[in-house]
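Colleague: File target.csv below, CSV, C-alpha atoms:
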```csv
chain,number,residue,atom,x,y,z
N,13,MET,CA,-6.5,3.6,88.5
N,14,ASN,CA,-7.0,0.1,88.5
N,15,GLN,CA,-5.5,-2.4,86.1
N,16,CYS,CA,-8.7,-3.0,84.2
N,17,THR,CA,-9.0,0.7,83.4
N,18,ILE,CA,-5.3,0.8,82.3
N,19,ALA,CA,-5.9,-2.3,80.0
N,20,MET,CA,-9.0,-0.6,78.5
N,21,VAL,CA,-7.1,2.6,77.8
N,22,GLY,CA,-4.3,0.5,76.2
N,23,CYS,CA,-6.8,-1.4,74.1
N,24,LEU,CA,-8.6,1.8,73.0
N,25,SER,CA,-5.3,3.4,72.0
N,26,THR,CA,-4.5,0.3,70.0
N,27,VAL,CA,-7.9,0.3,68.4
N,28,ARG,CA,-7.6,4.0,67.7
N,29,LEU,CA,-4.2,3.4,66.0
N,30,TYR,CA,-5.7,0.5,63.9
N,31,VAL,CA,-8.6,2.8,62.9
N,32,LYS,CA,-6.2,5.6,61.9
N,33,VAL,CA,-4.1,3.1,59.8
N,34,LEU,CA,-7.3,1.6,58.3
N,35,TRP,CA,-8.7,5.1,57.5
N,36,SER,CA,-5.4,6.2,55.9
N,37,THR,CA,-5.3,3.0,53.8
N,38,LEU,CA,-8.9,3.4,52.7
N,39,ARG,CA,-8.3,7.1,51.9
N,40,HIS,CA,-5.3,6.1,49.8
N,41,MET,CA,-7.2,3.3,48.0
N,42,LEU,CA,-10.0,5.8,47.3
N,43,LEU,CA,-7.6,8.3,45.8
N,44,VAL,CA,-5.9,5.6,43.6
N,45,THR,CA,-9.3,4.3,42.5
N,46,LEU,CA,-10.4,7.8,41.5
N,47,ARG,CA,-7.1,8.4,39.6
N,48,ASN,CA,-7.6,5.0,37.8
N,49,ALA,CA,-11.2,5.8,37.0
N,50,ALA,CA,-10.2,9.2,35.5
N,51,SER,CA,-7.4,7.5,33.5
N,52,LEU,CA,-9.7,4.8,32.3
N,53,GLN,CA,-12.3,7.4,31.2
N,54,SER,CA,-9.8,9.4,29.2
N,55,GLY,CA,-8.6,6.1,27.7
N,56,ILE,CA,-12.1,5.2,26.7
N,57,ALA,CA,-12.5,8.7,25.1
N,58,GLU,CA,-9.3,8.1,23.1
N,59,GLN,CA,-10.4,4.7,22.1
N,60,LYS,CA,-13.8,6.0,21.0
N,61,GLN,CA,-12.1,8.7,18.9
N,62,ARG,CA,-9.8,6.1,17.3
N,63,LEU,CA,-12.8,3.9,16.5
N,64,ASP,CA,-14.6,6.8,14.9
N,65,ASP,CA,-11.5,7.6,12.8
N,66,CYS,CA,-11.2,3.9,11.8
N,67,LEU,CA,-14.9,3.8,10.8
N,68,GLN,CA,-14.6,6.9,8.7
N,69,LEU,CA,-11.4,5.6,7.0
N,70,ARG,CA,-13.1,2.3,6.4
N,71,LYS,CA,-16.1,4.1,4.8
N,72,ALA,CA,-13.7,6.2,2.6
N,73,LEU,CA,-11.7,3.1,1.6
N,74,THR,CA,-14.8,1.1,0.7
N,75,VAL,CA,-15.9,3.7,-1.8
N,76,SER,CA,-12.3,4.1,-3.2
N,77,ALA,CA,-11.7,0.4,-3.3
N,78,SER,CA,-14.9,-0.2,-5.3
N,79,ASP,CA,-13.9,2.5,-7.8
N,80,PHE,CA,-10.4,1.1,-8.0
N,81,VAL,CA,-11.6,-2.5,-8.6
N,82,SER,CA,-14.0,-1.6,-11.2
N,83,SER,CA,-11.6,0.5,-13.2
N,84,THR,CA,-8.0,-0.7,-12.7
N,85,LEU,CA,-8.2,-4.4,-11.8
N,86,THR,CA,-10.8,-5.2,-14.5
N,87,ASP,CA,-8.7,-3.5,-17.1
N,88,MET,CA,-5.5,-5.4,-16.0
N,89,ALA,CA,-7.4,-8.7,-15.9
N,90,THR,CA,-8.6,-8.1,-19.4
N,91,VAL,CA,-5.1,-7.3,-20.6
N,92,MET,CA,-3.7,-10.4,-18.9
N,93,ASN,CA,-6.3,-12.7,-20.3
N,94,THR,CA,-6.3,-11.4,-23.9
N,95,THR,CA,-3.0,-9.8,-24.8
N,96,THR,CA,-0.4,-12.0,-23.1
N,97,THR,CA,-1.8,-15.5,-23.8
N,98,HIS,CA,-2.6,-15.3,-27.5
N,99,SER,CA,0.1,-12.9,-28.7
N,100,LEU,CA,3.0,-14.6,-27.1
N,101,ARG,CA,2.0,-18.1,-28.3
N,102,THR,CA,4.1,-17.6,-31.4
N,103,THR,CA,7.0,-16.3,-29.4
N,104,TYR,CA,6.9,-19.4,-27.2
N,105,LEU,CA,6.8,-21.7,-30.3
N,106,VAL,CA,9.9,-19.9,-31.8
N,107,MET,CA,11.8,-20.2,-28.5
N,108,LEU,CA,10.9,-23.9,-28.4
N,109,ALA,CA,12.1,-24.4,-31.9
N,110,ILE,CA,15.4,-22.7,-31.0
N,111,THR,CA,16.1,-24.5,-27.7
N,112,LEU,CA,14.6,-28.0,-28.2
N,113,PRO,CA,17.2,-29.1,-30.9
N,114,ALA,CA,20.0,-27.8,-28.7
N,115,THR,CA,18.7,-29.9,-25.8
N,116,LEU,CA,18.3,-33.0,-27.9
N,117,LEU,CA,21.8,-32.5,-29.2
N,118,GLN,CA,23.2,-32.4,-25.7
N,119,ILE,CA,21.3,-35.6,-24.7
N,120,ALA,CA,22.6,-37.3,-27.9
N,121,CYS,CA,26.2,-36.3,-27.2
N,122,LEU,CA,25.9,-37.5,-23.6
N,123,VAL,CA,24.6,-40.9,-24.8
N,124,ILE,CA,27.4,-41.1,-27.4
N,125,GLY,CA,29.9,-40.3,-24.7
N,126,VAL,CA,28.6,-43.0,-22.4
N,127,MET,CA,28.4,-45.7,-25.1
N,128,THR,CA,31.6,-45.0,-27.1
N,129,ASP,CA,33.7,-43.1,-24.5
N,130,VAL,CA,34.1,-40.2,-27.0
N,131,TRP,CA,33.5,-37.1,-25.0
N,132,TRP,CA,34.6,-34.2,-27.1
N,133,PRO,CA,31.2,-33.6,-28.8
N,134,LEU,CA,29.6,-32.9,-25.4
N,135,PRO,CA,31.4,-29.6,-24.6
N,136,VAL,CA,30.7,-28.5,-28.2
N,137,ALA,CA,27.0,-29.2,-27.7
N,138,VAL,CA,27.0,-27.4,-24.4
N,139,LEU,CA,28.6,-24.3,-25.9
N,140,LEU,CA,26.1,-24.4,-28.8
N,141,ALA,CA,23.2,-24.8,-26.3
N,142,ILE,CA,24.4,-21.8,-24.3
N,143,ALA,CA,24.7,-19.7,-27.5
N,144,LEU,CA,21.2,-20.7,-28.6
N,145,THR,CA,19.7,-20.1,-25.1
N,146,VAL,CA,21.2,-16.6,-25.1
N,147,ALA,CA,19.7,-16.0,-28.6
N,148,ALA,CA,16.3,-17.3,-27.4
N,149,MET,CA,16.4,-14.9,-24.4
N,150,LYS,CA,17.3,-11.9,-26.6
N,151,TYR,CA,14.5,-12.8,-28.9
N,152,TYR,CA,12.0,-13.2,-26.1
N,153,ARG,CA,13.1,-9.9,-24.5
N,154,SER,CA,12.6,-8.1,-27.8
N,155,ARG,CA,9.0,-9.5,-28.1
N,156,VAL,CA,7.8,-8.4,-24.6
N,157,GLN,CA,7.3,-5.3,-22.5
N,158,TYR,CA,6.1,-4.9,-19.0
N,159,LEU,CA,3.3,-2.9,-17.4
N,160,CYS,CA,4.1,-1.2,-14.1
N,161,PRO,CA,1.3,-1.8,-11.5
N,162,ALA,CA,1.9,1.6,-9.9
N,163,CYS,CA,2.0,4.1,-12.7
N,164,HIS,CA,0.6,1.9,-15.6
N,165,GLU,CA,3.4,2.8,-17.9
N,166,THR,CA,5.0,0.1,-20.2
N,167,PHE,CA,8.7,-0.4,-20.4
N,168,GLN,CA,11.4,-2.9,-21.5
N,169,PRO,CA,14.0,-3.7,-18.8
N,170,GLY,CA,17.7,-4.0,-19.4
N,171,MET,CA,19.0,-7.5,-20.4
N,172,ARG,CA,20.8,-8.0,-17.0
N,173,GLU,CA,17.7,-7.2,-15.0
N,174,PHE,CA,15.5,-9.2,-17.4
N,175,VAL,CA,17.7,-12.4,-17.0
N,176,PHE,CA,18.2,-12.3,-13.2
N,177,ALA,CA,14.7,-11.0,-12.1
N,178,ALA,CA,12.4,-13.4,-10.2
N,179,HIS,CA,9.4,-14.2,-12.4
N,180,THR,CA,6.2,-16.2,-12.8
N,181,PRO,CA,4.8,-17.2,-16.2
N,182,LYS,CA,3.0,-13.9,-16.7
N,183,THR,CA,5.0,-11.4,-14.4
N,184,ARG,CA,8.5,-10.4,-13.6
N,185,LYS,CA,9.9,-8.6,-10.6
N,186,LEU,CA,11.3,-5.4,-12.1
N,187,THR,CA,12.0,-1.8,-11.2
N,188,CYS,CA,9.9,0.7,-13.2
N,189,PRO,CA,12.1,3.3,-14.9
N,190,HIS,CA,9.2,5.8,-14.8
N,191,CYS,CA,8.2,5.8,-11.2
N,192,GLY,CA,10.9,3.7,-9.5
N,193,HIS,CA,8.4,1.1,-8.2
N,194,ARG,CA,9.9,-2.3,-7.6
N,195,GLY,CA,7.4,-5.2,-7.9
N,196,TYR,CA,5.9,-7.8,-10.1
N,197,CYS,CA,5.1,-6.2,-13.5
N,198,MET,CA,2.7,-7.8,-16.0
N,199,GLU,CA,4.2,-9.1,-19.2
N,200,LEU,CA,2.7,-7.8,-22.5
N,201,SER,CA,3.5,-8.7,-26.0
N,202,ILE,CA,4.9,-6.0,-28.4
```
Translate the structure of the given file into structure tokens.

Modeller:
Amino acid sequence: MNQCTIAMVGCLSTVRLYVKVLWSTLRHMLLVTLRNAASLQSGIAEQKQRLDDCLQLRKALTVSASDFVSSTLTDMATVMNTTTTHSLRTTYLVMLAITLPATLLQIACLVIGVMTDVWWPLPVAVLLAIALTVAAMKYYRSRVQYLCPACHETFQPGMREFVFAAHTPKTRKLTCPHCGHRGYCMELSI
């Protein structure tokens, strides 16, 4: 054999090796692509099922929410606007009448202390103000009850919970003794 034939046979075997490697790589890529396609198709089917479930839930909630809004929230808004504002106005005025003189007395004792250097009336005024504030809180607590947003039962909290609960002008964060719900309960007058 001549050298040209030997070189051609060597080249052909190298080409044959490259073709085998290329064919193996393409076959592997085809298998991976087919697996990925199957996986993606099953994922698409799962996503379609989830979407259908979400759409059904949304439809159910839309009907339920409209019923809930028309019955519960309208009633609670009516209660908040009528009962609380007008009925508690007298309670607020009585509390102001109790606490305002105590505050003015404290300010007067502070001014007397600064001007005359006589300080003994200030602690007496502070103790009197504390006593009157406690009396005002007890009076206020006896004039209100709270409506649980979960079970719609009314209740009066204990004094400790009443005093230390976070609150807004018309709600207080309490625990309902009936259902155990902890949240902002609407204030109602008794």

Colleague: Applying 12 Å and all atoms listed in the file, which residues near Leu112 of chain N remain after dropping the ones on its own chain fewer than 6 positions away? List them as a list of chain:residue names.

Modeller: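 Those residues are N:Tyr104, N:Leu105, N:Val106, N:Gln118, N:Ile119, N:Ala141, N:Leu144, N:Thr145, N:Ala148.
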
Colleague: Of the residues N:Gln68, N:Gln157, N:Thr111, N:Thr102, which is the one nearest to Met198 of chain N, using all atoms listed in the file?

Modeller: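 The closest residue to Met198 of chain N is N:Gln157.
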
Colleague: Applying 6 Å and only C-alpha atoms, which residues near Val156 of chain N remain after dropping the ones on its own chain fewer than 3 positions away? List them as number ranges by chain.

Modeller: N: 153, 200-202

Colleague: Which neighbours of Thr180 of chain N fall inside 12 Å, counting all atoms listed in the file, when residues of the same chain fewer than 3 positions from it are skipped, and could you give them as an MDAnalysis selection string?

Modeller: chainID N and resid 177 183:186 196:199

Colleague: Could you work out how far atom CA of Cys66 of chain N lies from atom CA of Ala50 of chain N, giving the answer in Å with one decimal?

Modeller: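 Separation of atom CA of Ala50 of chain N and atom CA of Cys66 of chain N: 24.3 Å.
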
Colleague: Take atom CA of His193 of chain N and atom CA of Leu159 of chain N and report the distance between them in Å, one decimal.

Modeller: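 Interatomic distance here is 11.3 Å.
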
Colleague: Please provide as an MDAnalysis selection string all residues within 12 Å of Met149 of chain N, with the sequence filter that same-chain residues fewer than 5 positions apart are discarded (counting all atoms listed in the file).

Modeller: chainID N and resid 103:104 106:108 110:111 142:144 154:156 171:172 174:176

Colleague: Quick one, how far is atom CA of Val146 of chain N from atom CA of Leu116 of chain N?

Modeller: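 About the pair atom CA of Val146 of chain N and atom CA of Leu116 of chain N: they are 16.9 Å apart.
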
Colleague: Can you pull out the residues contacting Pro189 of chain N? Cut-off 10 Å, using all atoms listed in the file, and skip same-chain residues under 6 positions away; I want them as a list of chain:residue names.

Modeller: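 Final neighbour list, sorted by chain and number: N:Cys160, N:Glu165, N:Thr166, N:Phe167, N:Gln168, N:Pro169.
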
Colleague: Place N, CA and C atoms on segment 42-75 of chain N and deliver the coordinates as an mmCIF file, keeping the file's coordinate frame.

Modeller:
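That gives us part.cif:
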```cif
data_model
loop_
_atom_site.group_PDB
_atom_site.id
_atom_site.type_symbol
_atom_site.label_atom_id
_atom_site.label_comp_id
_atom_site.auth_asym_id
_atom_site.auth_seq_id
_atom_site.Cartn_x
_atom_site.Cartn_y
_atom_site.Cartn_z
ATOM 1 N N LEU N 42 -8.990 4.952 47.930
ATOM 2 C CA LEU N 42 -10.000 5.800 47.300
ATOM 3 C C LEU N 42 -9.365 6.720 46.266
ATOM 4 N N LEU N 43 -8.253 7.362 46.668
ATOM 5 C CA LEU N 43 -7.600 8.300 45.800
ATOM 6 C C LEU N 43 -7.011 7.549 44.532
ATOM 7 N N VAL N 44 -6.413 6.370 44.755
ATOM 8 C CA VAL N 44 -5.900 5.600 43.600
ATOM 9 C C VAL N 44 -7.014 5.157 42.710
ATOM 10 N N THR N 45 -8.125 4.733 43.278
ATOM 11 C CA THR N 45 -9.300 4.300 42.500
ATOM 12 C C THR N 45 -9.823 5.470 41.659
ATOM 13 N N LEU N 46 -9.900 6.655 42.282
ATOM 14 C CA LEU N 46 -10.400 7.800 41.500
ATOM 15 C C LEU N 46 -9.439 8.193 40.405
ATOM 16 N N ARG N 47 -8.107 8.123 40.654
ATOM 17 C CA ARG N 47 -7.100 8.400 39.600
ATOM 18 C C ARG N 47 -7.269 7.376 38.454
ATOM 19 N N ASN N 48 -7.397 6.093 38.838
ATOM 20 C CA ASN N 48 -7.600 5.000 37.800
ATOM 21 C C ASN N 48 -8.838 5.235 37.021
ATOM 22 N N ALA N 49 -9.915 5.623 37.691
ATOM 23 C CA ALA N 49 -11.200 5.800 37.000
ATOM 24 C C ALA N 49 -11.028 6.986 35.983
ATOM 25 N N ALA N 50 -10.355 8.060 36.402
ATOM 26 C CA ALA N 50 -10.200 9.200 35.500
ATOM 27 C C ALA N 50 -9.288 8.782 34.309
ATOM 28 N N SER N 51 -8.244 8.004 34.596
ATOM 29 C CA SER N 51 -7.400 7.500 33.500
ATOM 30 C C SER N 51 -8.126 6.621 32.554
ATOM 31 N N LEU N 52 -8.940 5.722 33.107
ATOM 32 C CA LEU N 52 -9.700 4.800 32.300
ATOM 33 C C LEU N 52 -10.736 5.600 31.423
ATOM 34 N N GLN N 53 -11.354 6.619 32.003
ATOM 35 C CA GLN N 53 -12.300 7.400 31.200
ATOM 36 C C GLN N 53 -11.647 8.157 30.098
ATOM 37 N N SER N 54 -10.458 8.698 30.340
ATOM 38 C CA SER N 54 -9.800 9.400 29.200
ATOM 39 C C SER N 54 -9.306 8.360 28.187
ATOM 40 N N GLY N 55 -8.924 7.155 28.632
ATOM 41 C CA GLY N 55 -8.600 6.100 27.700
ATOM 42 C C GLY N 55 -9.758 5.677 26.845
ATOM 43 N N ILE N 56 -10.917 5.595 27.469
ATOM 44 C CA ILE N 56 -12.100 5.200 26.700
ATOM 45 C C ILE N 56 -12.456 6.312 25.713
ATOM 46 N N ALA N 57 -12.294 7.560 26.083
ATOM 47 C CA ALA N 57 -12.500 8.700 25.100
ATOM 48 C C ALA N 57 -11.591 8.578 23.958
ATOM 49 N N GLU N 58 -10.305 8.296 24.222
ATOM 50 C CA GLU N 58 -9.300 8.100 23.100
ATOM 51 C C GLU N 58 -9.684 6.963 22.244
ATOM 52 N N GLN N 59 -10.069 5.845 22.844
ATOM 53 C CA GLN N 59 -10.400 4.700 22.100
ATOM 54 C C GLN N 59 -11.672 4.937 21.199
ATOM 55 N N LYS N 60 -12.657 5.673 21.760
ATOM 56 C CA LYS N 60 -13.800 6.000 21.000
ATOM 57 C C LYS N 60 -13.447 6.891 19.782
ATOM 58 N N GLN N 61 -12.527 7.834 19.999
ATOM 59 C CA GLN N 61 -12.100 8.700 18.900
ATOM 60 C C GLN N 61 -11.357 7.880 17.851
ATOM 61 N N ARG N 62 -10.508 6.952 18.263
ATOM 62 C CA ARG N 62 -9.800 6.100 17.300
ATOM 63 C C ARG N 62 -10.794 5.228 16.520
ATOM 64 N N LEU N 63 -11.796 4.693 17.213
ATOM 65 C CA LEU N 63 -12.800 3.900 16.500
ATOM 66 C C LEU N 63 -13.566 4.723 15.516
ATOM 67 N N ASP N 64 -13.938 5.939 15.875
ATOM 68 C CA ASP N 64 -14.600 6.800 14.900
ATOM 69 C C ASP N 64 -13.733 7.093 13.704
ATOM 70 N N ASP N 65 -12.434 7.361 13.951
ATOM 71 C CA ASP N 65 -11.500 7.600 12.800
ATOM 72 C C ASP N 65 -11.397 6.366 11.941
ATOM 73 N N CYS N 66 -11.304 5.186 12.556
ATOM 74 C CA CYS N 66 -11.200 3.900 11.800
ATOM 75 C C CYS N 66 -12.459 3.701 10.948
ATOM 76 N N LEU N 67 -13.619 3.958 11.540
ATOM 77 C CA LEU N 67 -14.900 3.800 10.800
ATOM 78 C C LEU N 67 -14.983 4.734 9.636
ATOM 79 N N GLN N 68 -14.545 5.979 9.828
ATOM 80 C CA GLN N 68 -14.600 6.900 8.700
ATOM 81 C C GLN N 68 -13.589 6.537 7.629
ATOM 82 N N LEU N 69 -12.399 6.071 8.017
ATOM 83 C CA LEU N 69 -11.400 5.600 7.000
ATOM 84 C C LEU N 69 -11.925 4.404 6.283
ATOM 85 N N ARG N 70 -12.551 3.486 7.006
ATOM 86 C CA ARG N 70 -13.100 2.300 6.400
ATOM 87 C C ARG N 70 -14.168 2.663 5.337
ATOM 88 N N LYS N 71 -15.021 3.617 5.698
ATOM 89 C CA LYS N 71 -16.100 4.100 4.800
ATOM 90 C C LYS N 71 -15.434 4.699 3.532
ATOM 91 N N ALA N 72 -14.412 5.519 3.733
ATOM 92 C CA ALA N 72 -13.700 6.200 2.600
ATOM 93 C C ALA N 72 -13.042 5.126 1.717
ATOM 94 N N LEU N 73 -12.391 4.141 2.356
ATOM 95 C CA LEU N 73 -11.700 3.100 1.600
ATOM 96 C C LEU N 73 -12.651 2.212 0.835
ATOM 97 N N THR N 74 -13.804 1.949 1.388
ATOM 98 C CA THR N 74 -14.800 1.100 0.700
ATOM 99 C C THR N 74 -15.217 1.763 -0.586
ATOM 100 N N VAL N 75 -15.462 3.033 -0.562
ATOM 101 C CA VAL N 75 -15.900 3.700 -1.800
ATOM 102 C C VAL N 75 -14.692 3.755 -2.760
#
```
